[in-house]
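Novice: To be precise about what I am sending: the file is called target-v3.pdb and holds PDB, C-alpha atoms.
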```pdb
ATOM      1  CA  MET K   1     -62.657  23.775  10.955
ATOM      2  CA  ALA K   2     -61.442  20.280  10.141
ATOM      3  CA  VAL K   3     -61.390  19.411   6.485
ATOM      4  CA  SER K   4     -61.737  15.805   5.386
ATOM      5  CA  VAL K   5     -59.010  14.837   2.934
ATOM      6  CA  SER K   6     -57.892  11.557   1.448
ATOM      7  CA  ARG K   7     -54.480   9.984   1.499
ATOM      8  CA  PRO K   8     -53.233   6.631   0.196
ATOM      9  CA  VAL K   9     -53.696   3.644   2.471
ATOM     10  CA  HIS K  10     -50.348   2.349   1.158
ATOM     11  CA  PRO K  11     -47.823   4.850  -0.298
ATOM     12  CA  TRP K  12     -46.387   3.962  -3.703
ATOM     13  CA  LEU K  13     -42.996   2.989  -2.266
ATOM     14  CA  VAL K  14     -44.600   0.538   0.159
ATOM     15  CA  ARG K  15     -46.535  -1.050  -2.706
ATOM     16  CA  LEU K  16     -43.452  -1.268  -4.905
ATOM     17  CA  CYS K  17     -41.378  -2.857  -2.137
ATOM     18  CA  HIS K  18     -44.220  -5.237  -1.314
ATOM     19  CA  TRP K  19     -44.537  -6.659  -4.834
ATOM     20  CA  LEU K  20     -40.780  -6.791  -5.407
ATOM     21  CA  ASN K  21     -40.568  -8.656  -2.116
ATOM     22  CA  VAL K  22     -43.219 -11.137  -3.268
ATOM     23  CA  PHE K  23     -41.183 -11.940  -6.395
ATOM     24  CA  ALA K  24     -37.882 -12.106  -4.523
ATOM     25  CA  MET K  25     -39.194 -14.279  -1.680
ATOM     26  CA  VAL K  26     -40.817 -16.778  -4.066
ATOM     27  CA  CYS K  27     -37.526 -17.104  -5.942
ATOM     28  CA  MET K  28     -35.501 -17.332  -2.724
ATOM     29  CA  VAL K  29     -37.733 -20.010  -1.212
ATOM     30  CA  MET K  30     -37.908 -22.124  -4.375
ATOM     31  CA  SER K  31     -34.151 -21.916  -5.026
ATOM     32  CA  GLY K  32     -33.535 -22.546  -1.308
ATOM     33  CA  TRP K  33     -35.596 -25.715  -1.505
ATOM     34  CA  GLY K  34     -33.451 -26.799  -4.445
ATOM     35  CA  ILE K  35     -30.300 -26.250  -2.365
ATOM     36  CA  TYR K  36     -31.888 -28.106   0.555
ATOM     37  CA  ASN K  37     -32.668 -31.114  -1.666
ATOM     38  CA  ALA K  38     -28.956 -31.541  -2.406
ATOM     39  CA  SER K  39     -28.278 -32.133   1.305
ATOM     40  CA  PRO K  40     -31.550 -32.613   3.236
ATOM     41  CA  LEU K  41     -31.692 -31.828   6.941
ATOM     42  CA  PHE K  42     -34.704 -34.067   7.482
ATOM     43  CA  GLY K  43     -36.174 -37.230   5.994
ATOM     44  CA  PHE K  44     -37.905 -35.471   3.130
ATOM     45  CA  THR K  45     -37.168 -33.405   0.052
ATOM     46  CA  PHE K  46     -39.228 -30.885  -1.872
ATOM     47  CA  PRO K  47     -40.810 -31.828  -5.221
ATOM     48  CA  PRO K  48     -38.599 -30.736  -8.151
ATOM     49  CA  ALA K  49     -41.513 -28.719  -9.546
ATOM     50  CA  ALA K  50     -41.436 -26.581  -6.372
ATOM     51  CA  THR K  51     -37.739 -25.744  -6.771
ATOM     52  CA  LEU K  52     -35.904 -23.246  -8.963
ATOM     53  CA  GLY K  53     -32.652 -23.692 -10.853
ATOM     54  CA  GLY K  54     -32.925 -27.264 -12.110
ATOM     55  CA  TRP K  55     -29.795 -28.467 -10.291
ATOM     56  CA  LEU K  56     -27.648 -27.486  -7.320
ATOM     57  CA  GLY K  57     -25.479 -25.017  -9.235
ATOM     58  CA  GLY K  58     -28.502 -23.409 -10.848
ATOM     59  CA  ALA K  59     -30.347 -23.170  -7.528
ATOM     60  CA  ILE K  60     -27.339 -21.506  -5.876
ATOM     61  CA  ALA K  61     -27.012 -19.064  -8.779
ATOM     62  CA  TRP K  62     -30.674 -18.061  -8.483
ATOM     63  CA  HIS K  63     -30.417 -17.810  -4.689
ATOM     64  CA  LEU K  64     -27.391 -15.507  -4.769
ATOM     65  CA  ALA K  65     -28.709 -13.352  -7.625
ATOM     66  CA  VAL K  66     -32.123 -12.744  -6.068
ATOM     67  CA  MET K  67     -30.468 -12.221  -2.678
ATOM     68  CA  TRP K  68     -29.152  -8.851  -3.882
ATOM     69  CA  LEU K  69     -32.603  -7.753  -5.072
ATOM     70  CA  LEU K  70     -34.103  -8.773  -1.734
ATOM     71  CA  ALA K  71     -31.362  -7.005   0.236
ATOM     72  CA  ALA K  72     -31.660  -3.774  -1.781
ATOM     73  CA  ASN K  73     -35.440  -3.820  -1.534
ATOM     74  CA  ALA K  74     -35.333  -4.404   2.229
ATOM     75  CA  LEU K  75     -32.768  -1.631   2.722
ATOM     76  CA  VAL K  76     -34.904   0.894   0.817
ATOM     77  CA  TYR K  77     -38.009  -0.103   2.775
ATOM     78  CA  LEU K  78     -36.278   0.025   6.164
ATOM     79  CA  LEU K  79     -34.592   3.384   5.529
ATOM     80  CA  TRP K  80     -37.793   4.937   4.158
ATOM     81  CA  GLY K  81     -39.898   3.464   6.962
ATOM     82  CA  ALA K  82     -37.559   4.748   9.652
ATOM     83  CA  ALA K  83     -37.230   8.213   8.087
ATOM     84  CA  ARG K  84     -40.963   8.691   7.487
ATOM     85  CA  GLY K  85     -42.158   7.242  10.794
ATOM     86  CA  HIS K  86     -43.953   4.424   8.947
ATOM     87  CA  PHE K  87     -42.987   1.756  11.476
ATOM     88  CA  ARG K  88     -43.954   3.903  14.457
ATOM     89  CA  ARG K  89     -47.399   4.654  13.014
ATOM     90  CA  ARG K  90     -48.157   1.165  11.699
ATOM     91  CA  PHE K  91     -46.651  -1.157  14.308
ATOM     92  CA  PHE K  92     -46.843   0.724  17.598
ATOM     93  CA  PRO K  93     -48.085   0.873  20.296
ATOM     94  CA  LEU K  94     -48.176  -2.869  20.875
ATOM     95  CA  SER K  95     -48.595  -4.900  24.064
ATOM     96  CA  PRO K  96     -49.037  -8.615  24.901
ATOM     97  CA  ARG K  97     -52.462  -7.803  26.345
ATOM     98  CA  ALA K  98     -53.584  -6.187  23.087
ATOM     99  CA  VAL K  99     -52.316  -9.175  21.081
ATOM    100  CA  TRP K 100     -54.216 -11.584  23.337
ATOM    101  CA  GLN K 101     -57.441  -9.561  23.150
ATOM    102  CA  ASP K 102     -57.311  -9.248  19.367
ATOM    103  CA  THR K 103     -56.433 -12.943  19.009
ATOM    104  CA  ARG K 104     -59.545 -13.892  21.008
ATOM    105  CA  GLN K 105     -61.691 -11.635  18.842
ATOM    106  CA  ALA K 106     -60.152 -13.037  15.657
ATOM    107  CA  LEU K 107     -60.838 -16.632  16.739
ATOM    108  CA  THR K 108     -64.504 -15.748  17.268
ATOM    109  CA  PHE K 109     -64.670 -13.780  13.983
ATOM    110  CA  ARG K 110     -65.459 -10.546  15.839
ATOM    111  CA  LEU K 111     -62.245  -8.676  15.126
ATOM    112  CA  PRO K 112     -63.016  -5.497  13.157
ATOM    113  CA  HIS K 113     -60.778  -4.468  10.277
ATOM    114  CA  ARG K 114     -60.351  -0.880   9.158
ATOM    115  CA  LEU K 115     -58.434  -0.290   5.949
ATOM    116  CA  GLY K 116     -55.104   1.341   6.681
ATOM    117  CA  GLN K 117     -54.963   0.315  10.358
ATOM    118  CA  TYR K 118     -53.299  -2.813  11.720
ATOM    119  CA  ASN K 119     -54.736  -4.653  14.707
ATOM    120  CA  ALA K 120     -52.421  -5.994  17.418
ATOM    121  CA  VAL K 121     -52.198  -9.455  15.815
ATOM    122  CA  GLN K 122     -51.128  -7.960  12.491
ATOM    123  CA  LYS K 123     -48.589  -5.694  14.207
ATOM    124  CA  ALA K 124     -47.073  -8.660  16.050
ATOM    125  CA  MET K 125     -46.938 -10.730  12.858
ATOM    126  CA  TYR K 126     -45.249  -7.982  10.833
ATOM    127  CA  LEU K 127     -42.688  -7.288  13.543
ATOM    128  CA  GLY K 128     -42.098 -11.023  13.882
ATOM    129  CA  VAL K 129     -41.505 -11.499  10.165
ATOM    130  CA  LEU K 130     -39.038  -8.586  10.161
ATOM    131  CA  LEU K 131     -37.089 -10.307  12.949
ATOM    132  CA  LEU K 132     -37.233 -13.617  11.069
ATOM    133  CA  GLY K 133     -35.956 -11.814   7.993
ATOM    134  CA  ALA K 134     -32.983 -10.472   9.938
ATOM    135  CA  LEU K 135     -32.254 -13.973  11.279
ATOM    136  CA  LEU K 136     -32.557 -15.390   7.765
ATOM    137  CA  VAL K 137     -30.027 -12.875   6.448
ATOM    138  CA  LEU K 138     -27.533 -13.490   9.255
ATOM    139  CA  SER K 139     -27.738 -17.276   9.011
ATOM    140  CA  GLY K 140     -27.601 -17.072   5.206
ATOM    141  CA  LEU K 141     -24.411 -15.016   5.342
ATOM    142  CA  ALA K 142     -22.909 -17.514   7.783
ATOM    143  CA  ILE K 143     -23.717 -20.431   5.451
ATOM    144  CA  TRP K 144     -22.507 -18.569   2.345
ATOM    145  CA  LYS K 145     -19.189 -17.397   3.834
ATOM    146  CA  PRO K 146     -18.512 -19.581   6.904
ATOM    147  CA  VAL K 147     -14.804 -18.681   7.024
ATOM    148  CA  GLN K 148     -15.247 -14.929   6.657
ATOM    149  CA  PHE K 149     -18.153 -14.951   9.130
ATOM    150  CA  SER K 150     -16.709 -17.569  11.470
ATOM    151  CA  GLY K 151     -17.715 -15.547  14.539
ATOM    152  CA  LEU K 152     -21.316 -15.477  13.357
ATOM    153  CA  VAL K 153     -21.211 -19.212  12.647
ATOM    154  CA  ALA K 154     -19.944 -19.816  16.186
ATOM    155  CA  LEU K 155     -22.661 -17.550  17.619
ATOM    156  CA  LEU K 156     -25.311 -19.629  15.838
ATOM    157  CA  GLY K 157     -23.917 -22.873  17.214
ATOM    158  CA  GLY K 158     -21.689 -24.036  14.365
ATOM    159  CA  PHE K 159     -22.234 -24.608  10.661
ATOM    160  CA  GLY K 160     -24.612 -27.545  11.142
ATOM    161  CA  TRP K 161     -26.869 -25.662  13.542
ATOM    162  CA  THR K 162     -26.750 -22.568  11.325
ATOM    163  CA  ARG K 163     -28.392 -24.569   8.542
ATOM    164  CA  TYR K 164     -31.208 -25.492  10.930
ATOM    165  CA  VAL K 165     -31.601 -21.855  12.002
ATOM    166  CA  HIS K 166     -31.805 -20.834   8.348
ATOM    167  CA  PHE K 167     -34.367 -23.533   7.571
ATOM    168  CA  TYR K 168     -36.613 -22.700  10.532
ATOM    169  CA  ALA K 169     -36.434 -18.954   9.829
ATOM    170  CA  MET K 170     -37.445 -19.657   6.232
ATOM    171  CA  SER K 171     -40.270 -21.905   7.457
ATOM    172  CA  GLY K 172     -41.504 -19.136   9.744
ATOM    173  CA  ILE K 173     -41.641 -16.695   6.846
ATOM    174  CA  VAL K 174     -43.462 -19.227   4.660
ATOM    175  CA  LEU K 175     -45.989 -19.719   7.487
ATOM    176  CA  PHE K 176     -46.441 -15.942   7.681
ATOM    177  CA  VAL K 177     -47.101 -15.824   3.935
ATOM    178  CA  VAL K 178     -49.694 -18.605   4.208
ATOM    179  CA  VAL K 179     -51.516 -16.796   7.036
ATOM    180  CA  HIS K 180     -51.206 -13.494   5.176
ATOM    181  CA  VAL K 181     -52.807 -14.959   2.035
ATOM    182  CA  LEU K 182     -55.589 -16.534   4.109
ATOM    183  CA  MET K 183     -56.314 -13.179   5.733
ATOM    184  CA  VAL K 184     -56.501 -11.531   2.311
ATOM    185  CA  LEU K 185     -58.964 -14.212   1.197
ATOM    186  CA  LEU K 186     -61.066 -13.575   4.319
ATOM    187  CA  VAL K 187     -60.908  -9.790   3.878
ATOM    188  CA  PRO K 188     -60.490  -9.342   0.091
ATOM    189  CA  LYS K 189     -61.036  -5.569   0.227
ATOM    190  CA  THR K 190     -57.434  -5.230   1.459
ATOM    191  CA  LEU K 191     -55.958  -6.413  -1.866
ATOM    192  CA  PRO K 192     -56.971  -3.532  -4.199
ATOM    193  CA  ALA K 193     -55.386  -0.993  -1.838
ATOM    194  CA  MET K 194     -52.030  -2.785  -2.151
ATOM    195  CA  ILE K 195     -52.309  -2.451  -5.944
ATOM    196  CA  THR K 196     -53.764   1.034  -6.407
ATOM    197  CA  GLY K 197     -52.863   2.602  -3.056
ATOM    198  CA  GLY K 198     -56.468   3.053  -1.986
ATOM    199  CA  LYS K 199     -57.735   6.014  -0.011
ATOM    200  CA  GLU K 200     -58.339   6.539   3.675
ATOM    201  CA  PRO K 201     -59.965   9.612   5.201
ATOM    202  CA  SER K 202     -58.044  11.794   7.582
ATOM    203  CA  ASP K 203     -58.655  15.103   9.252
ATOM    204  CA  GLU K 204     -56.338  18.012   8.715
TER
END
```
Render the structure in this file as structure tokens.
Specialist:
Amino acid sequence: MAVSVSRPVHPWLVRLCHWLNVFAMVCMVMSGWGIYNASPLFGFTFPPAATLGGWLGGAIAWHLAVMWLLAANALVYLLWGAARGHFRRRFFPLSPRAVWQDTRQALTFRLPHRLGQYNAVQKAMYLGVLLLGALLVLSGLAIWKPVQFSGLVALLGGFGWTRYVHFYAMSGIVLFVVVHVLMVLLVPKTLPAMITGGKEPSDE
């Protein structure tokens, strides 16, 4: 006879990595904007109040310091997720057809949401942001150490193009964060589970 039991929607390690990632990404983006302002790629700069570090040297110091926190946090999450089957359960299966169907339902406000289960749009977004994160790391390493990683710089099209790759990857992650926050505002019941863990029923 099946017995209904409860388990956390989000394990404690996922929650810890999530909130550490929030802090690290805010610091990385703000310090990155400060670095960008010293040598803009486009015809605009970011407001000083939206940057971190106060000046170029300070922004670089913040960027490099928080980089290690972000890298360690990501490594723990990736190793744990791979070992525990977290990615397989949360992000797969996934198909273009499923993404299209769920996108249509979302645009008509008919997409159901069950706590602890990702729809195809969410799966695609999370996988996409992981890929953007990898691209951000690779391009960041190439910018930081262009001589030591000269092969990577060449692969990305040269130092100038690498800066563009880094900027667009960062912009993609910022866009993901904006959409993510909007989704939380539309479905606020998802927030407490990321703080307390929440409970979801399962049959054992």
Novice: Need to verify the contact set: K:Leu155, 12 Å, only C-alpha atoms, exclusion of same-chain residues closer than 6 positions in sequence. Can you return it as a PyMOL selection string?
Specialist: chain K and resi 138-139+142+146+149+161-162+165
Novice: Any idea what the distance is between atom CA of K:Met170 and atom CA of K:Leu136?
Specialist: 6.7 Å
Novice: Of the candidates K:Ile35, K:Ala49, K:Leu41, K:Leu156, which one gets nearest to K:Ala61 if we count all atoms listed in the file?
Specialist: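 Of K:Ile35, K:Ala49, K:Leu41, K:Leu156, the one nearest K:Ala61 is K:Ile35, counting all atoms listed in the file.
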Novice: Kindly give the distance, in Å, that separates atom CA of K:Thr103 and atom CA of K:Val129, rounded to a single decimal.
Specialist: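 Pair atom CA of K:Thr103 / atom CA of K:Val129 returns 17.4 Å.
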Novice: Any chance you could resolve the PyMOL selection byres ((chain K and resi 89-100) around 10) against this file and give the residues as a PDB file with C-alpha atoms, keeping the file's coordinate frame?
Specialist:
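Just written: selection-v2.pdb:
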```pdb
ATOM      1  CA  GLY K  81     -39.898   3.464   6.962  1.00  0.00           C
ATOM      2  CA  ARG K  84     -40.963   8.691   7.487  1.00  0.00           C
ATOM      3  CA  GLY K  85     -42.158   7.242  10.794  1.00  0.00           C
ATOM      4  CA  HIS K  86     -43.953   4.424   8.947  1.00  0.00           C
ATOM      5  CA  PHE K  87     -42.987   1.756  11.476  1.00  0.00           C
ATOM      6  CA  ARG K  88     -43.954   3.903  14.457  1.00  0.00           C
ATOM      7  CA  GLN K 101     -57.441  -9.561  23.150  1.00  0.00           C
ATOM      8  CA  ASP K 102     -57.311  -9.248  19.367  1.00  0.00           C
ATOM      9  CA  THR K 103     -56.433 -12.943  19.009  1.00  0.00           C
ATOM     10  CA  ARG K 104     -59.545 -13.892  21.008  1.00  0.00           C
ATOM     11  CA  GLN K 105     -61.691 -11.635  18.842  1.00  0.00           C
ATOM     12  CA  ALA K 106     -60.152 -13.037  15.657  1.00  0.00           C
ATOM     13  CA  GLY K 116     -55.104   1.341   6.681  1.00  0.00           C
ATOM     14  CA  GLN K 117     -54.963   0.315  10.358  1.00  0.00           C
ATOM     15  CA  TYR K 118     -53.299  -2.813  11.720  1.00  0.00           C
ATOM     16  CA  ASN K 119     -54.736  -4.653  14.707  1.00  0.00           C
ATOM     17  CA  ALA K 120     -52.421  -5.994  17.418  1.00  0.00           C
ATOM     18  CA  VAL K 121     -52.198  -9.455  15.815  1.00  0.00           C
ATOM     19  CA  GLN K 122     -51.128  -7.960  12.491  1.00  0.00           C
ATOM     20  CA  LYS K 123     -48.589  -5.694  14.207  1.00  0.00           C
ATOM     21  CA  ALA K 124     -47.073  -8.660  16.050  1.00  0.00           C
ATOM     22  CA  MET K 125     -46.938 -10.730  12.858  1.00  0.00           C
ATOM     23  CA  TYR K 126     -45.249  -7.982  10.833  1.00  0.00           C
ATOM     24  CA  LEU K 127     -42.688  -7.288  13.543  1.00  0.00           C
TER      25      LEU K 127
END
```
Novice: Starting from the block above, write stretch 134-166 of chain K out to a file with N, CA and C atoms, as a compact mmCIF listing (two decimals), in the first residue's frame, please.
Specialist:
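Result saved to part-v8.txt:
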```txt
# COMPACT_ATOMS: atom_id res chain seq x y z
N ALA K 134 28.37 29.30 -18.33
CA ALA K 134 29.62 28.69 -18.81
C ALA K 134 30.32 29.64 -19.79
N LEU K 135 29.55 30.26 -20.69
CA LEU K 135 30.12 31.20 -21.65
C LEU K 135 30.68 32.42 -20.94
N LEU K 136 30.00 32.86 -19.89
CA LEU K 136 30.46 34.01 -19.12
C LEU K 136 31.80 33.71 -18.44
N VAL K 137 31.92 32.50 -17.91
CA VAL K 137 33.16 32.11 -17.25
C VAL K 137 34.31 32.04 -18.25
N LEU K 138 34.07 31.39 -19.39
CA LEU K 138 35.12 31.24 -20.39
C LEU K 138 35.58 32.59 -20.94
N SER K 139 34.62 33.45 -21.28
CA SER K 139 34.99 34.76 -21.81
C SER K 139 35.64 35.62 -20.72
N GLY K 140 35.19 35.46 -19.47
CA GLY K 140 35.80 36.21 -18.37
C GLY K 140 37.25 35.80 -18.16
N LEU K 141 37.53 34.50 -18.22
CA LEU K 141 38.90 34.03 -18.09
C LEU K 141 39.77 34.58 -19.22
N ALA K 142 39.21 34.61 -20.43
CA ALA K 142 39.96 35.10 -21.58
C ALA K 142 40.28 36.59 -21.45
N ILE K 143 39.36 37.36 -20.88
CA ILE K 143 39.60 38.79 -20.68
C ILE K 143 40.60 39.02 -19.55
N TRP K 144 40.48 38.21 -18.49
CA TRP K 144 41.34 38.36 -17.30
C TRP K 144 42.78 37.99 -17.61
N LYS K 145 42.99 36.87 -18.32
CA LYS K 145 44.33 36.38 -18.63
C LYS K 145 44.45 36.12 -20.13
N PRO K 146 44.46 37.17 -20.95
CA PRO K 146 44.46 36.96 -22.41
C PRO K 146 45.72 36.29 -22.94
N VAL K 147 46.84 36.44 -22.25
CA VAL K 147 48.08 35.79 -22.70
C VAL K 147 48.05 34.31 -22.35
N GLN K 148 47.73 34.01 -21.10
CA GLN K 148 47.68 32.61 -20.66
C GLN K 148 46.60 31.82 -21.39
N PHE K 149 45.48 32.48 -21.70
CA PHE K 149 44.38 31.81 -22.40
C PHE K 149 44.26 32.33 -23.84
N SER K 150 45.39 32.48 -24.49
CA SER K 150 45.41 33.03 -25.85
C SER K 150 44.60 32.18 -26.83
N GLY K 151 44.63 30.86 -26.64
CA GLY K 151 43.85 29.98 -27.51
C GLY K 151 42.37 30.22 -27.36
N LEU K 152 41.93 30.44 -26.13
CA LEU K 152 40.52 30.73 -25.87
C LEU K 152 40.13 32.09 -26.45
N VAL K 153 41.03 33.06 -26.32
CA VAL K 153 40.78 34.38 -26.90
C VAL K 153 40.61 34.26 -28.41
N ALA K 154 41.48 33.49 -29.05
CA ALA K 154 41.40 33.29 -30.49
C ALA K 154 40.09 32.59 -30.87
N LEU K 155 39.69 31.61 -30.07
CA LEU K 155 38.45 30.87 -30.34
C LEU K 155 37.23 31.79 -30.29
N LEU K 156 37.29 32.79 -29.42
CA LEU K 156 36.18 33.73 -29.26
C LEU K 156 36.25 34.91 -30.22
N GLY K 157 37.25 34.90 -31.09
CA GLY K 157 37.32 35.93 -32.12
C GLY K 157 38.28 37.06 -31.84
N GLY K 158 39.12 36.94 -30.82
CA GLY K 158 40.03 38.02 -30.46
C GLY K 158 39.57 38.73 -29.20
N PHE K 159 40.46 39.53 -28.64
CA PHE K 159 40.16 40.17 -27.35
C PHE K 159 38.95 41.10 -27.45
N GLY K 160 38.88 41.88 -28.54
CA GLY K 160 37.76 42.80 -28.69
C GLY K 160 36.42 42.09 -28.74
N TRP K 161 36.34 41.03 -29.53
CA TRP K 161 35.09 40.27 -29.64
C TRP K 161 34.77 39.53 -28.33
N THR K 162 35.81 39.13 -27.60
CA THR K 162 35.59 38.44 -26.33
C THR K 162 34.86 39.34 -25.35
N ARG K 163 35.19 40.63 -25.37
CA ARG K 163 34.48 41.57 -24.49
C ARG K 163 33.00 41.64 -24.85
N TYR K 164 32.70 41.61 -26.14
CA TYR K 164 31.29 41.61 -26.57
C TYR K 164 30.59 40.33 -26.13
N VAL K 165 31.27 39.19 -26.28
CA VAL K 165 30.69 37.91 -25.86
C VAL K 165 30.38 37.97 -24.36
N HIS K 166 31.32 38.49 -23.59
CA HIS K 166 31.13 38.59 -22.14
C HIS K 166 29.95 39.50 -21.81
```
